[in-house]
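Participant: Mind having a look at this structure? Questions to follow.
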Amino acid sequence: MVAALLVVVLVSVGVYVGSIASAFNDQRQTVDAGIATSEATTDGALNVLVMGSDSRGEGMDTAENKGEEGERSDTLMLVHIPEDRQDVYVMSIVRDLWVEIPGHGERKVNAALGLGGYPLVTSTVENLLGVNIDHLAVIDFEGFNGLTSALGGVRVCNPQSFSSGQVNPSFFAQGEILLEGSDALRYVRERKAFLGGDFERVANQQRFVSAMVDQILTVDTLANPQKLMGVVNSIVPFITVDDGLDAATIAGYGLQLNGIRTDDIETFTIPHGDPAEGPGGASIVLQDEMATAELSQALQSDQLDGYLSEDQDGAESSPASASADASAAASSGTESESASAPGASDQGPSSDAASEAASDAASSSAPVSPTAAPAARAQPCAGT
């Protein structure tokens with residue numbers, strides 16, 4: 001999630017502060033993402049796939065400490081930048097979305113990473129949306145912690161109070177809160193505290209992204225080379241990108257996007273259908289195939305603004321949609337963190353598996369509107 005900001009905002013200053021670009025190139029890690037060409041896209045619409053990974057993070061929530069194998073990606077976002085470079089769209093893809101994974105049949109979208117690594121994640125999203133992925137960026141949990149600390153914390157308008165963590169839990173009050181380090185990571189990862197489960201988590205992630213972009217796009221940050229260097233040095237050792245995404249390429253994108261401000265960045269969630277029960281009793285989220293086809297067409301024709309405007313008009317005519325989303329999402333929100341293939345193994349060896357299964361059984365299913373999310377509720381902070 002945070003890697004998107006590096007792609008869109010931060011490293012573009014390497015044009016003006018050469019040491020930042022050098023730090024990025026020297027410390028970045030590259031991976032084969034299965035992208036069709038190694039040449040950077042310099043014109044036309046740009047699609048960047050952004051993932052959050054727990055591969056190297058430390059703590060009780062990592063796959064290794066929970067006895068699970070392989071990486072998981074709780075966060076999956078598509079950053080779409082139109083050809084005119086006047087806007088940035090960040091679309092969250094819910095991890096339990098039931099999709100076709102090439103060569104493996106229908107699975108949850110987050111199973112692709114464990115089944116075939118980054119190339120399979122890329123091809124799965126391309127198959128789902130009908131567009132080419134131009135770049136991949138993956139950030140590790142430790143990089144996330146370092147970034148928020150380097151920024152001195154990120155101020156977020158939190159719509160509802162909740163606690164996160166079983167050992168020394170963090171409490172997040174309603175209203176404006178300052179998030180930094182492990183507290184920030186807990187905020188964007190928590191889902192079990194909400195009736196809406198993963199849908200609420202996605203809304204919090206989108207809320208955090210918007211707040212952080214707003215904070216980065218200030219004179220205090222952009223005009224402070226020392227602060228920017230701290231941000232880059234904190235995050236780059238924990239970021240993985242495709243081999244075509246170097247500092248020069250990002251700087252070129254940055255120059256094209258130098259007029260972007262917070263109001264030009266729009267976050268939304270991929271259209272989805274009802275929560276349902278998959279093979280082995282696992283919770284899944286069905287696709288809204290008609291809405292997804294419309295989204296795909298909008299992406300292919302670079303008309304995402306029109307697509308979202310039409311969707312928002314429809315949502316305004318149905319004021320009950322947000323509350324319906326929250327209750328419907330409950331059946332997805334209590335499922336195990338494992339990204340393995342669907343079935344009994346989805347529960348993983350986590351000690352919470354039995355209680356989570358009971359919660360799944362007690363959850364109710366109801367229709368879910370295509371893109372509305374619980375974030376639509378009234379904000380408690382002044383001026384928001």
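We label chains A, B, ... in the order they appear in the structure tokens, count residues from 1 in each chain, and number ligands from 1 in the order shown.
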Could you go through range 71-288 of chain A and tell me which residues DSSP, when run on the backbone, assigns to helix (DSSP H, G or I), listing them as number ranges by chain?
Facilitator: A: 109-129, 141-150, 181-189, 198-216, 219-222, 225-238, 247-256, 262-264, 279-281
Participant: When distances are computed from only C-alpha atoms, which of A:Pro271, A:Gly44, A:Gly281, A:Gly52 shows the smallest separation from Tyr253 in chain A?
Facilitator: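 Using only C-alpha atoms, Tyr253 in chain A sits closest to A:Gly44.
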Participant: I'd like to know which of A:Ile93, A:Ile235, A:Ile284, A:Leu255 is closest to Arg107 in chain A, using only C-alpha atoms.
Facilitator: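 Looking only at the distances to Arg107 in chain A, the closest residue turns out to be A:Ile284.
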Participant: Which is closer to Asn233 in chain A than all the others in A:Ala291, A:Leu151, A:Leu46, A:Val109, using only C-alpha atoms?
Facilitator: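 Nearest candidate to Asn233 in chain A out of A:Ala291, A:Leu151, A:Leu46, A:Val109: A:Leu151.
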Participant: Have a look at A:Asn158, A:Thr30, A:Gln86, A:Thr148 and name the one nearest to Glu200 in chain A; count only C-alpha atoms.
Facilitator: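 Nearest candidate to Glu200 in chain A out of A:Asn158, A:Thr30, A:Gln86, A:Thr148: A:Asn158.
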Participant: Work out how far apart CA of Thr122 in chain A and CA of Asp242 in chain A are and give it in Å to one decimal.
Facilitator: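 Spanning CA of Thr122 in chain A to CA of Asp242 in chain A is a straight-line distance of 11.0 Å.
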Participant: Report, in Å to a single decimal, how far apart CA of Arg85 in chain A and CA of Leu257 in chain A are.
Facilitator: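 We find that CA of Leu257 in chain A and CA of Arg85 in chain A lie 5.9 Å from each other.
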Participant: Report as a ChimeraX atom specification all protein, DNA and RNA residues lying within 9 Å of Gly143 in chain A, evaluated on only C-alpha atoms, omitting residues in the same chain fewer than 3 positions from it.
Facilitator: /A:2,57,139-140,146-148,234-239
Participant: In Å, rounded to a single decimal, give me how far CA of Asp96 in chain A is from CA of Gly165 in chain A.
Facilitator: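 CA of Asp96 in chain A lies 21.7 Å from CA of Gly165 in chain A.
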Participant: Identify, on the basis of only C-alpha atoms, every residue whose closest approach to Gln287 in chain A does not exceed 10 Å; exclude the query and any residue fewer than 6 positions from it along the same chain; express the result as an NGL selection string.
Facilitator: :A and (97-99 or 270-275 or 370)
Participant: Please, which residues of range 102-217 of chain A, numbered as in this document, come out strand (DSSP E) from DSSP, as a PyMOL selection string?
Facilitator: chain A and resi 105-108+135-140+154-158+162-164+170-172+175-179
Participant: Taking only C-alpha atoms into account, name the residue in A:Gln29, A:Asn168, A:Asn47, A:Thr249 that is nearest to Leu129 in chain A.
Facilitator: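 Nearest candidate to Leu129 in chain A out of A:Gln29, A:Asn168, A:Asn47, A:Thr249: A:Asn47.
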Participant: With only C-alpha atoms as the counted atoms, please give the residues lying no more than 10 Å from Tyr89 in chain A, apart from itself and same-chain residues fewer than 5 positions off, as a VMD selection string.
Facilitator: chain A and resid 47 77 to 82 264 to 268 304 to 305
Participant: A:Pro159, A:Gly181, A:Gly130, A:Gly280: which is nearest Glu142 in chain A, counting only C-alpha atoms?
Facilitator: A:Gly181
